[in-house]
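Chemist: Structure file data_0.txt (compact mmCIF, C-alpha atoms) is given on the next line.
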# COMPACT_ATOMS: atom_id res chain seq x y z
CA MET L 30 134.72 34.16 49.46
CA ALA L 31 135.98 36.60 52.07
CA THR L 32 138.98 38.64 51.00
CA ARG L 33 141.57 40.24 53.28
CA ILE L 34 141.41 43.95 52.50
CA ALA L 35 143.59 46.75 53.80
CA PHE L 36 141.78 50.09 53.61
CA ILE L 37 143.90 53.21 54.13
CA GLY L 38 142.11 56.55 54.49
CA LEU L 39 138.72 56.65 56.20
CA GLY L 40 137.54 60.20 55.55
CA ASN L 41 134.20 61.32 54.14
CA MET L 42 134.53 58.98 51.16
CA GLY L 43 136.78 56.23 52.46
CA GLY L 44 134.73 55.54 55.57
CA GLY L 45 131.63 54.58 53.61
CA MET L 46 133.65 52.62 51.07
CA ALA L 47 135.41 50.55 53.74
CA ALA L 48 132.07 49.91 55.45
CA ASN L 49 130.64 48.46 52.24
CA GLN L 50 133.59 46.10 51.90
CA ALA L 51 132.93 44.86 55.43
CA LYS L 52 129.20 44.61 54.68
CA ALA L 53 130.07 42.35 51.73
CA GLY L 54 131.69 39.93 54.17
CA HIS L 55 135.34 40.81 53.63
CA ALA L 56 137.90 41.10 56.44
CA VAL L 57 138.82 44.80 56.39
CA ALA L 58 141.89 46.03 58.27
CA ALA L 59 141.34 49.79 58.40
CA PHE L 60 143.81 52.59 59.09
CA ASP L 61 143.47 56.35 59.41
CA LEU L 62 145.27 59.04 61.40
CA SER L 63 141.92 60.02 62.94
CA ALA L 64 140.83 58.07 66.02
CA ALA L 65 137.22 59.11 65.36
CA ALA L 66 137.38 57.69 61.83
CA LEU L 67 138.80 54.45 63.17
CA GLY L 68 135.95 54.26 65.67
CA ARG L 69 133.36 54.68 62.93
CA ALA L 70 135.09 52.02 60.84
CA GLN L 71 135.04 49.59 63.77
CA ALA L 72 131.33 50.22 64.30
CA ALA L 73 130.80 49.42 60.60
CA GLY L 74 132.50 46.03 60.90
CA CYS L 75 136.11 46.85 60.06
CA THR L 76 139.11 46.01 62.25
CA PRO L 77 141.03 49.16 63.20
CA VAL L 78 144.83 48.83 63.15
CA ALA L 79 147.65 51.04 64.38
CA SER L 80 149.65 51.51 61.17
CA VAL L 81 149.67 51.11 57.41
CA ALA L 82 152.23 48.32 57.78
CA GLU L 83 149.91 46.36 60.05
CA ALA L 84 146.97 46.88 57.69
CA VAL L 85 148.77 45.63 54.58
CA ARG L 86 150.84 42.82 56.14
CA ASP L 87 148.60 39.96 54.97
CA ALA L 88 146.37 41.84 52.54
CA GLU L 89 145.07 40.40 49.31
CA VAL L 90 143.76 43.81 48.24
CA VAL L 91 145.00 47.23 49.36
CA ILE L 92 142.68 50.22 48.81
CA THR L 93 143.75 53.79 49.47
CA MET L 94 141.63 56.95 49.62
CA LEU L 95 143.99 59.83 50.41
CA PRO L 96 143.82 63.64 50.11
CA ALA L 97 146.35 64.44 47.37
CA GLY L 98 149.19 63.23 45.17
CA PRO L 99 152.05 63.76 47.67
CA HIS L 100 150.22 61.64 50.26
CA VAL L 101 149.64 58.85 47.75
CA LEU L 102 153.27 58.82 46.60
CA GLN L 103 154.59 58.82 50.16
CA VAL L 104 152.27 56.11 51.46
CA TYR L 105 152.89 53.78 48.52
CA SER L 106 156.65 54.33 48.24
CA GLU L 107 157.39 54.27 51.97
CA GLN L 108 154.67 52.13 53.58
CA ILE L 109 152.89 49.82 51.12
CA ILE L 110 155.30 48.69 48.41
CA GLY L 111 157.56 46.12 50.00
CA ALA L 112 155.34 45.76 53.08
CA ALA L 113 152.30 44.22 51.40
CA PRO L 114 152.63 40.76 49.82
CA SER L 115 153.70 41.10 46.19
CA SER L 116 150.57 39.13 45.25
CA ALA L 117 148.35 41.91 46.64
CA LEU L 118 146.28 44.03 44.29
CA LEU L 119 146.92 47.75 44.91
CA LEU L 120 144.04 50.16 44.19
CA ASP L 121 144.34 53.90 44.67
CA CYS L 122 140.91 55.55 44.67
CA SER L 123 142.19 59.05 45.50
CA THR L 124 141.80 61.90 43.02
CA ILE L 125 145.33 63.05 42.13
CA ASP L 126 147.34 64.28 39.15
CA VAL L 127 148.03 61.95 36.24
CA ASP L 128 151.82 62.15 36.55
CA THR L 129 151.82 60.99 40.17
CA ALA L 130 149.44 58.12 39.35
CA ARG L 131 151.82 56.94 36.65
CA LYS L 132 154.83 57.31 38.94
CA VAL L 133 153.17 55.16 41.63
CA ALA L 134 152.21 52.62 38.95
CA GLY L 135 155.87 52.41 37.91
CA LEU L 136 157.01 51.87 41.48
CA ALA L 137 154.38 49.18 41.95
CA ARG L 138 155.43 47.42 38.75
CA GLU L 139 159.05 47.42 39.87
CA GLY L 140 157.92 45.77 43.12
CA GLY L 141 155.99 43.08 41.26
CA TYR L 142 152.52 44.38 42.12
CA ALA L 143 149.37 44.81 40.06
CA PHE L 144 148.23 48.43 40.50
CA ALA L 145 145.37 50.64 39.33
CA ASP L 146 144.43 54.28 39.68
CA ALA L 147 140.68 54.05 40.32
CA PRO L 148 139.19 57.43 41.28
CA VAL L 149 135.47 57.66 41.94
CA SER L 150 132.43 59.72 41.08
CA GLY L 151 129.26 60.01 43.14
CA GLY L 152 130.06 61.83 46.38
CA THR L 153 129.53 60.81 49.99
CA MET L 154 125.99 59.51 49.56
CA ALA L 155 127.11 57.10 46.85
CA ALA L 156 130.12 56.08 48.94
CA GLU L 157 127.78 55.13 51.78
CA ALA L 158 125.29 53.41 49.47
CA GLY L 159 127.91 51.44 47.53
CA THR L 160 126.89 53.07 44.24
CA LEU L 161 130.05 54.87 43.16
CA ALA L 162 131.31 54.98 39.58
CA PHE L 163 134.96 53.98 39.24
CA MET L 164 137.23 55.16 36.43
CA VAL L 165 140.17 52.77 36.23
CA GLY L 166 143.63 53.10 34.73
CA CYS L 167 145.35 49.71 34.65
CA ASP L 168 146.86 46.92 32.59
CA GLU L 169 144.04 45.33 30.65
CA ALA L 170 144.88 41.87 31.95
CA ASP L 171 144.26 43.04 35.54
CA PHE L 172 140.86 44.64 34.97
CA ALA L 173 138.61 41.66 35.77
CA ARG L 174 140.33 41.23 39.13
CA ILE L 175 140.08 44.96 39.82
CA GLU L 176 136.40 45.10 38.89
CA ALA L 177 135.65 42.23 41.28
CA ALA L 178 137.53 43.94 44.13
CA LEU L 179 135.62 47.20 43.62
CA GLU L 180 132.19 45.57 43.21
CA PRO L 181 130.95 46.06 46.83
CA MET L 182 131.44 49.82 46.44
CA SER L 183 130.37 50.24 42.82
CA ARG L 184 127.36 50.70 40.57
CA ALA L 185 129.62 50.97 37.49
CA THR L 186 133.31 50.35 36.86
CA PHE L 187 134.99 51.48 33.64
CA ARG L 188 138.48 50.77 32.34
CA ALA L 189 139.45 54.17 30.99
CA GLY L 190 142.80 52.95 29.64
CA ASP L 191 146.32 52.37 30.87
CA HIS L 192 147.78 53.75 34.11
CA GLY L 193 146.86 57.40 34.60
CA ALA L 194 143.77 57.18 32.41
CA GLY L 195 141.49 56.81 35.42
CA GLN L 196 142.75 60.10 36.82
CA ALA L 197 142.44 61.77 33.42
CA ALA L 198 138.81 60.64 33.16
CA LYS L 199 138.02 61.83 36.70
CA ILE L 200 139.58 65.26 36.15
CA CYS L 201 137.74 65.80 32.87
CA ASN L 202 134.44 64.48 34.25
CA ASN L 203 134.56 66.79 37.25
CA MET L 204 135.43 69.77 35.08
CA ILE L 205 132.14 69.10 33.25
CA LEU L 206 130.37 68.88 36.60
CA GLY L 207 131.83 72.15 37.88
CA ILE L 208 130.91 73.97 34.68
CA THR L 209 127.36 72.58 34.48
CA MET L 210 126.67 73.31 38.14
CA LEU L 211 127.68 76.93 37.65
CA GLY L 212 125.46 77.14 34.56
CA THR L 213 122.56 75.65 36.50
CA CYS L 214 123.04 78.08 39.38
CA GLU L 215 123.32 81.08 37.05
CA ALA L 216 120.12 80.04 35.27
CA ILE L 217 118.21 79.63 38.54
CA ALA L 218 119.41 83.02 39.76
CA LEU L 219 118.32 84.62 36.48
CA ALA L 220 114.97 82.80 36.47
CA GLU L 221 114.27 84.13 39.95
CA LYS L 222 115.13 87.70 38.90
CA LEU L 223 112.77 87.36 35.95
CA GLY L 224 109.92 86.33 38.24
CA LEU L 225 109.97 82.61 37.43
CA ASP L 226 109.51 80.18 40.33
CA PRO L 227 112.77 78.13 40.57
CA VAL L 228 110.72 75.01 41.34
CA LYS L 229 108.67 75.51 38.19
CA PHE L 230 111.92 76.12 36.32
CA PHE L 231 113.13 72.71 37.52
CA ASP L 232 110.03 71.06 36.04
CA ILE L 233 110.81 72.69 32.70
CA ALA L 234 114.62 72.32 32.59
CA ALA L 235 114.52 68.70 33.76
CA LYS L 236 112.56 67.77 30.63
CA SER L 237 114.07 70.25 28.17
CA SER L 238 117.39 70.86 26.48
CA GLY L 239 118.84 72.35 29.67
CA GLN L 240 118.65 68.95 31.39
CA SER L 241 121.84 67.75 33.09
CA TRP L 242 122.87 65.76 36.16
CA SER L 243 123.20 69.06 38.04
CA VAL L 244 119.52 69.73 37.33
CA THR L 245 117.85 66.34 37.70
CA SER L 246 119.99 64.71 40.41
CA TYR L 247 121.44 67.64 42.36
CA TYR L 248 119.21 70.66 41.85
CA PRO L 249 120.68 73.49 43.94
CA TRP L 250 117.31 74.98 44.91
CA PRO L 251 115.49 73.29 47.85
CA GLY L 252 112.55 71.04 47.10
CA PRO L 253 112.61 69.34 43.70
CA VAL L 254 115.34 66.76 44.46
CA PRO L 255 114.80 65.59 48.07
CA THR L 256 118.25 64.00 48.41
CA ALA L 257 120.14 67.08 47.18
CA PRO L 258 122.25 69.04 49.71
CA SER L 259 120.18 72.15 48.90
CA ASN L 260 117.56 70.70 51.26
CA ARG L 261 119.91 70.72 54.26
CA ASP L 262 121.69 74.09 54.01
CA TYR L 263 124.20 72.60 51.55
CA ASP L 264 125.66 70.35 54.22
CA GLY L 265 127.45 67.16 53.19
CA GLY L 266 127.54 66.16 49.54
CA PHE L 267 130.60 67.28 47.57
CA ALA L 268 132.52 69.98 49.42
CA THR L 269 133.42 73.15 47.53
CA ALA L 270 137.06 72.66 48.55
CA MET L 271 137.05 69.24 46.86
CA MET L 272 135.54 70.61 43.66
CA LEU L 273 138.15 73.37 43.72
CA LYS L 274 140.90 70.76 44.10
CA ASP L 275 139.61 68.85 41.07
CA LEU L 276 139.31 72.01 38.96
CA LYS L 277 142.88 72.96 39.87
CA LEU L 278 144.03 69.50 38.78
CA ALA L 279 142.19 70.00 35.49
CA GLN L 280 143.82 73.38 34.92
CA ASP L 281 147.27 72.02 35.74
CA ALA L 282 146.71 69.14 33.34
CA ALA L 283 145.43 71.52 30.65
CA ALA L 284 148.52 73.71 31.00
CA LYS L 285 150.85 70.72 30.63
CA ALA L 286 148.89 69.34 27.66
CA GLY L 287 148.48 72.69 25.92
CA ALA L 288 144.68 72.39 25.99
CA SER L 289 142.35 75.39 25.95
CA THR L 290 139.80 75.21 28.80
CA PRO L 291 138.39 78.74 29.28
CA LEU L 292 135.17 77.59 30.99
CA GLY L 293 137.17 75.30 33.28
CA ALA L 294 139.40 78.23 34.21
CA GLN L 295 136.43 80.49 34.94
CA SER L 296 134.82 77.76 37.03
CA GLU L 297 137.98 77.39 39.06
CA ALA L 298 138.06 81.13 39.70
CA LEU L 299 134.43 81.26 40.88
CA PHE L 300 134.73 78.24 43.18
CA GLN L 301 137.97 79.68 44.54
CA LEU L 302 136.13 82.89 45.41
CA PHE L 303 133.35 80.92 47.12
CA ASP L 304 135.97 78.96 49.06
CA ARG L 305 137.86 82.09 50.15
CA LEU L 306 134.63 83.62 51.41
CA GLY L 307 134.58 80.79 53.95
CA TYR L 308 132.34 78.20 52.29
CA GLY L 309 134.88 75.54 51.36
CA GLY L 310 133.15 73.04 53.64
CA ARG L 311 129.70 73.58 52.12
CA ASP L 312 128.45 71.57 49.18
CA PHE L 313 129.54 73.10 45.89
CA SER L 314 125.95 73.68 44.78
CA GLY L 315 125.71 76.29 47.54
CA ILE L 316 127.49 78.67 45.16
CA LEU L 317 123.94 79.47 44.02
CA GLN L 318 123.60 81.71 47.09
CA MET L 319 126.70 83.68 46.10
CA LEU L 320 125.35 84.17 42.58
CA ARG L 321 121.98 85.27 44.02
CA GLY L 322 123.76 87.77 46.29
CA ARG L 323 122.30 85.97 49.31
CA LEU L 324 125.31 84.62 51.17
CA GLU L 325 123.74 85.82 54.41
CA ASP L 326 121.27 82.95 53.99
CA LEU L 327 124.06 80.36 53.94
CA PRO L 328 125.70 79.45 57.27
CA ARG L 329 129.44 78.95 57.18
CA PRO L 330 130.46 75.37 58.04
For the file at hand, write its structure as structure tokens.
Modeler:
Amino acid sequence: MATRIAFIGLGNMGGGMAANQAKAGHAVAAFDLSAAALGRAQAAGCTPVASVAEAVRDAEVVITMLPAGPHVLQVYSEQIIGAAPSSALLLDCSTIDVDTARKVAGLAREGGYAFADAPVSGGTMAAEAGTLAFMVGCDEADFARIEAALEPMSRATFRAGDHGAGQAAKICNNMILGITMLGTCEAIALAEKLGLDPVKFFDIAAKSSGQSWSVTSYYPWPGPVPTAPSNRDYDGGFATAMMLKDLKLAQDAAAKAGASTPLGAQSEALFQLFDRLGYGGRDFSGILQMLRGRLEDLPRP
């Protein structure tokens, strides 16, 4: 059956996600501050609206995909809670800090709403294809309803635990990704210096103990993985600035928890350097060119 969905935030990730909800036959009221994003959403079958209040007025499900914790807290506390029907399911798919996710969950509970933090993994291509992985923090009793609401956008949905656990899982998962991508790029740069063809190295690493998602699904050297951003000058994919944001969240969380994350800290420093050199808009695997000493080969976005 068609569901009335309010979708707030139609950026690189949210636009594709909202489109897949519309493709599944749901009535999607879409809002974003960008007129261009609203136009793309309308072309994908969504109904553009002029405000958050208008989007959520009759919603059965509210989905948000916003840049950072302060945006999420403001939009929920000032524009969603109390404006959406109390029967609506509230799903925040943004990547934010654990404390803010729990604060929003508390506000939602006080308002009588079911809420989940449900950040995603998979990048823009998966958002467009409807094959994201969702990591959900919620009350256990709400999970079946949440899983059904996310299904048009998802290839896998996991309940990580109670509120905030989805964000914790996302932060830790992306710290692994940042670290393994740097290791992959360092190894390729070294292989090249030692006279080994990076394409031949892919054939070996992909079937050896060095195998990882960064190798087999996102190889940062052009050729072996046709869908990887390395084949299009590192355009699209997962922006360096977004990886840097996630690594900063991981380091903030580690500091508060008293956890030792030396590789996470080093990864943050290297991606921050790449970002400050002007490549924050390029896919994060483009850091290979910095490690090769070949930034002149990489156009700035």
Chemist: With all atoms listed in the file as the atoms that count, which of L:Leu62, L:Ala143, L:Ala53, L:Ala198 lies nearest to Pro181 of chain L?
Modeler: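 Closest to Pro181 of chain L of all the choices is L:Ala53.
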Chemist: Could you work out how far atom CA of Arg86 of chain L lies from atom CA of Ala72 of chain L, giving the answer in Å with one decimal?
Modeler: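 A separation of 22.4 Å between them.
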Chemist: Contacts of segment 128-136 of chain L at 7 Å or less, counting only C-alpha atoms, minus same-chain residues fewer than 5 places along, as a PyMOL selection string?
Modeler: chain L and resi 98+102+144+146+192-193
Chemist: Have a look at atom CA of Ala56 of chain L and atom CA of Val90 of chain L and let me know their distance in Å, one decimal.
Modeler: 10.4 Å
Chemist: Using only C-alpha atoms, which residues of segment 234-281 of chain L come within 7 Å of segment 208-218 of chain L, and what is the closest atom pair for each, with the distance in Å to one decimal? Give it as a Markdown table, sorted by chain and residue number.
Modeler:
| residue | atom | partner | partner_atom | distance |
| --- | --- | --- | --- | --- |
| L:Ser243 | CA | L:Met210 | CA | 5.5 |
| L:Val244 | CA | L:Thr213 | CA | 6.7 |
| L:Pro249 | CA | L:Cys214 | CA | 6.9 |
Chemist: Identify, on the basis of only C-alpha atoms, every residue whose closest approach to Ala155 of chain L does not exceed 12 Å; exclude the query and any residue fewer than 4 positions from it along the same chain; express the result as JSON, numbers by chain.
Modeler: {"L": [41, 42, 43, 44, 45, 46, 49, 149, 150, 151, 159, 160, 161, 162, 163, 181, 182, 183, 184, 185, 256, 265, 266, 267]}
Chemist: Find the residues near Ala35 of chain L: any atom within 10 Å, counting all atoms listed in the file, skip ones fewer than 4 places away on the same chain, and give them as a short mmCIF file (atom, residue, chain, number, x, y, z; two decimals) with C-alpha atoms, in the frame of the given file.
Modeler:
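What follows is the written file part35.cif:
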data_model
loop_
_atom_site.label_atom_id
_atom_site.label_comp_id
_atom_site.auth_asym_id
_atom_site.auth_seq_id
_atom_site.Cartn_x
_atom_site.Cartn_y
_atom_site.Cartn_z
CA ALA L 47 135.41 50.55 53.74
CA ALA L 56 137.90 41.10 56.44
CA VAL L 57 138.82 44.80 56.39
CA ALA L 58 141.89 46.03 58.27
CA ALA L 59 141.34 49.79 58.40
CA PHE L 60 143.81 52.59 59.09
CA CYS L 75 136.11 46.85 60.06
CA THR L 76 139.11 46.01 62.25
CA VAL L 78 144.83 48.83 63.15
CA VAL L 81 149.67 51.11 57.41
CA ALA L 82 152.23 48.32 57.78
CA GLU L 83 149.91 46.36 60.05
CA ALA L 84 146.97 46.88 57.69
CA VAL L 85 148.77 45.63 54.58
CA ARG L 86 150.84 42.82 56.14
CA ASP L 87 148.60 39.96 54.97
CA ALA L 88 146.37 41.84 52.54
CA GLU L 89 145.07 40.40 49.31
CA VAL L 90 143.76 43.81 48.24
CA VAL L 91 145.00 47.23 49.36
CA ILE L 92 142.68 50.22 48.81
CA THR L 93 143.75 53.79 49.47
CA ALA L 113 152.30 44.22 51.40
CA ALA L 117 148.35 41.91 46.64
CA LEU L 119 146.92 47.75 44.91
#
Chemist: Kindly provide, as a VMD selection string, the polymer residues lying within 12 Å of (123.7, 69.4, 55.9), counting only C-alpha atoms and using the coordinates exactly as they appear in the file.
Modeler: chain L and resid 153 to 154 256 to 268 310 to 312 315 327 to 330
Chemist: Between L:Phe230, L:Ala235, L:Pro148, L:Met204, which residue has the minimum interatomic distance to Pro291 of chain L, considering all atoms listed in the file?
Modeler: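 Selected residue with least distance to Pro291 of chain L: L:Met204.
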Chemist: Within 10 Å of Gln301 of chain L, counting all atoms listed in the file, which residues qualify if same-chain residues fewer than 3 places away don't, as a PyMOL selection string?
Modeler: chain L and resi 269-270+272-274+276-277+295-298+304-306+308-309
Chemist: Grab the atom CA of Val127 of chain L to atom CA of Asp61 of chain L distance for me, in Å with one decimal place.
Modeler: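 Taking atom CA of Val127 of chain L and atom CA of Asp61 of chain L, their separation equals 24.3 Å.
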Chemist: Mind checking which residues fall within 6 Å of Met164 of chain L, counting only C-alpha atoms, ignoring those fewer than 5 positions away in the same chain, and posting them as a PyMOL selection string?
Modeler: chain L and resi 147-148+187+189+195
Chemist: L:Arg174, L:Lys52, L:Arg138, L:His100: which is nearest Arg188 of chain L, counting only C-alpha atoms?
Modeler: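 The answer is L:Arg174, which sits nearest to Arg188 of chain L.
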Chemist: Rank L:Ala294, L:Ala284, L:Ala66, L:Ala137 by their smallest atom-to-atom distance to Tyr105 of chain L, using only C-alpha atoms, and report the top residue only.
Modeler: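 Comparing L:Ala294, L:Ala284, L:Ala66, L:Ala137 against Tyr105 of chain L, the winner is L:Ala137.
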Chemist: Mind writing segment 319-330 of chain L to a file for me, with N, CA, C and O atoms, as a PDB file, in the first residue's frame?
Modeler:
ATOM      1  N   MET L 319      47.692  12.059  -3.993  1.00  0.00           N
ATOM      2  CA  MET L 319      48.531  12.786  -3.047  1.00  0.00           C
ATOM      3  C   MET L 319      49.670  11.888  -2.557  1.00  0.00           C
ATOM      4  O   MET L 319      50.833  12.319  -2.482  1.00  0.00           O
ATOM      5  N   LEU L 320      49.361  10.637  -2.266  1.00  0.00           N
ATOM      6  CA  LEU L 320      50.388   9.720  -1.769  1.00  0.00           C
ATOM      7  C   LEU L 320      51.397   9.358  -2.862  1.00  0.00           C
ATOM      8  O   LEU L 320      52.547   9.041  -2.558  1.00  0.00           O
ATOM      9  N   ARG L 321      50.976   9.409  -4.124  1.00  0.00           N
ATOM     10  CA  ARG L 321      51.893   9.174  -5.243  1.00  0.00           C
ATOM     11  C   ARG L 321      52.731  10.415  -5.559  1.00  0.00           C
ATOM     12  O   ARG L 321      53.653  10.341  -6.362  1.00  0.00           O
ATOM     13  N   GLY L 322      52.374  11.571  -4.975  1.00  0.00           N
ATOM     14  CA  GLY L 322      53.033  12.816  -5.331  1.00  0.00           C
ATOM     15  C   GLY L 322      52.616  13.314  -6.696  1.00  0.00           C
ATOM     16  O   GLY L 322      53.391  13.997  -7.379  1.00  0.00           O
ATOM     17  N   ARG L 323      51.346  13.006  -7.101  1.00  0.00           N
ATOM     18  CA  ARG L 323      50.888  13.341  -8.436  1.00  0.00           C
ATOM     19  C   ARG L 323      49.587  14.152  -8.402  1.00  0.00           C
ATOM     20  O   ARG L 323      48.686  13.934  -9.207  1.00  0.00           O
ATOM     21  N   LEU L 324      49.501  15.085  -7.479  1.00  0.00           N
ATOM     22  CA  LEU L 324      48.280  15.883  -7.386  1.00  0.00           C
ATOM     23  C   LEU L 324      48.018  16.699  -8.656  1.00  0.00           C
ATOM     24  O   LEU L 324      46.879  17.065  -8.943  1.00  0.00           O
ATOM     25  N   GLU L 325      49.068  16.956  -9.429  1.00  0.00           N
ATOM     26  CA  GLU L 325      48.861  17.702 -10.669  1.00  0.00           C
ATOM     27  C   GLU L 325      48.000  16.921 -11.658  1.00  0.00           C
ATOM     28  O   GLU L 325      47.427  17.492 -12.598  1.00  0.00           O
ATOM     29  N   ASP L 326      47.874  15.606 -11.450  1.00  0.00           N
ATOM     30  CA  ASP L 326      47.033  14.785 -12.321  1.00  0.00           C
ATOM     31  C   ASP L 326      45.570  14.800 -11.914  1.00  0.00           C
ATOM     32  O   ASP L 326      44.720  14.228 -12.613  1.00  0.00           O
ATOM     33  N   LEU L 327      45.263  15.409 -10.777  1.00  0.00           N
ATOM     34  CA  LEU L 327      43.911  15.366 -10.215  1.00  0.00           C
ATOM     35  C   LEU L 327      43.284  16.743 -10.251  1.00  0.00           C
ATOM     36  O   LEU L 327      43.687  17.635  -9.501  1.00  0.00           O
ATOM     37  N   PRO L 328      42.290  16.966 -11.114  1.00  0.00           N
ATOM     38  CA  PRO L 328      41.642  18.302 -11.161  1.00  0.00           C
ATOM     39  C   PRO L 328      40.933  18.590  -9.848  1.00  0.00           C
ATOM     40  O   PRO L 328      40.340  17.703  -9.233  1.00  0.00           O
ATOM     41  N   ARG L 329      40.988  19.840  -9.430  1.00  0.00           N
ATOM     42  CA  ARG L 329      40.187  20.252  -8.275  1.00  0.00           C
ATOM     43  C   ARG L 329      38.725  20.305  -8.688  1.00  0.00           C
ATOM     44  O   ARG L 329      38.414  20.629  -9.825  1.00  0.00           O
ATOM     45  N   PRO L 330      37.812  20.009  -7.764  1.00  0.00           N
ATOM     46  CA  PRO L 330      36.383  20.013  -8.122  1.00  0.00           C
ATOM     47  C   PRO L 330      35.901  21.448  -8.420  1.00  0.00           C
ATOM     48  O   PRO L 330      36.493  22.402  -7.989  1.00  0.00           O
TER      49      PRO L 330
END
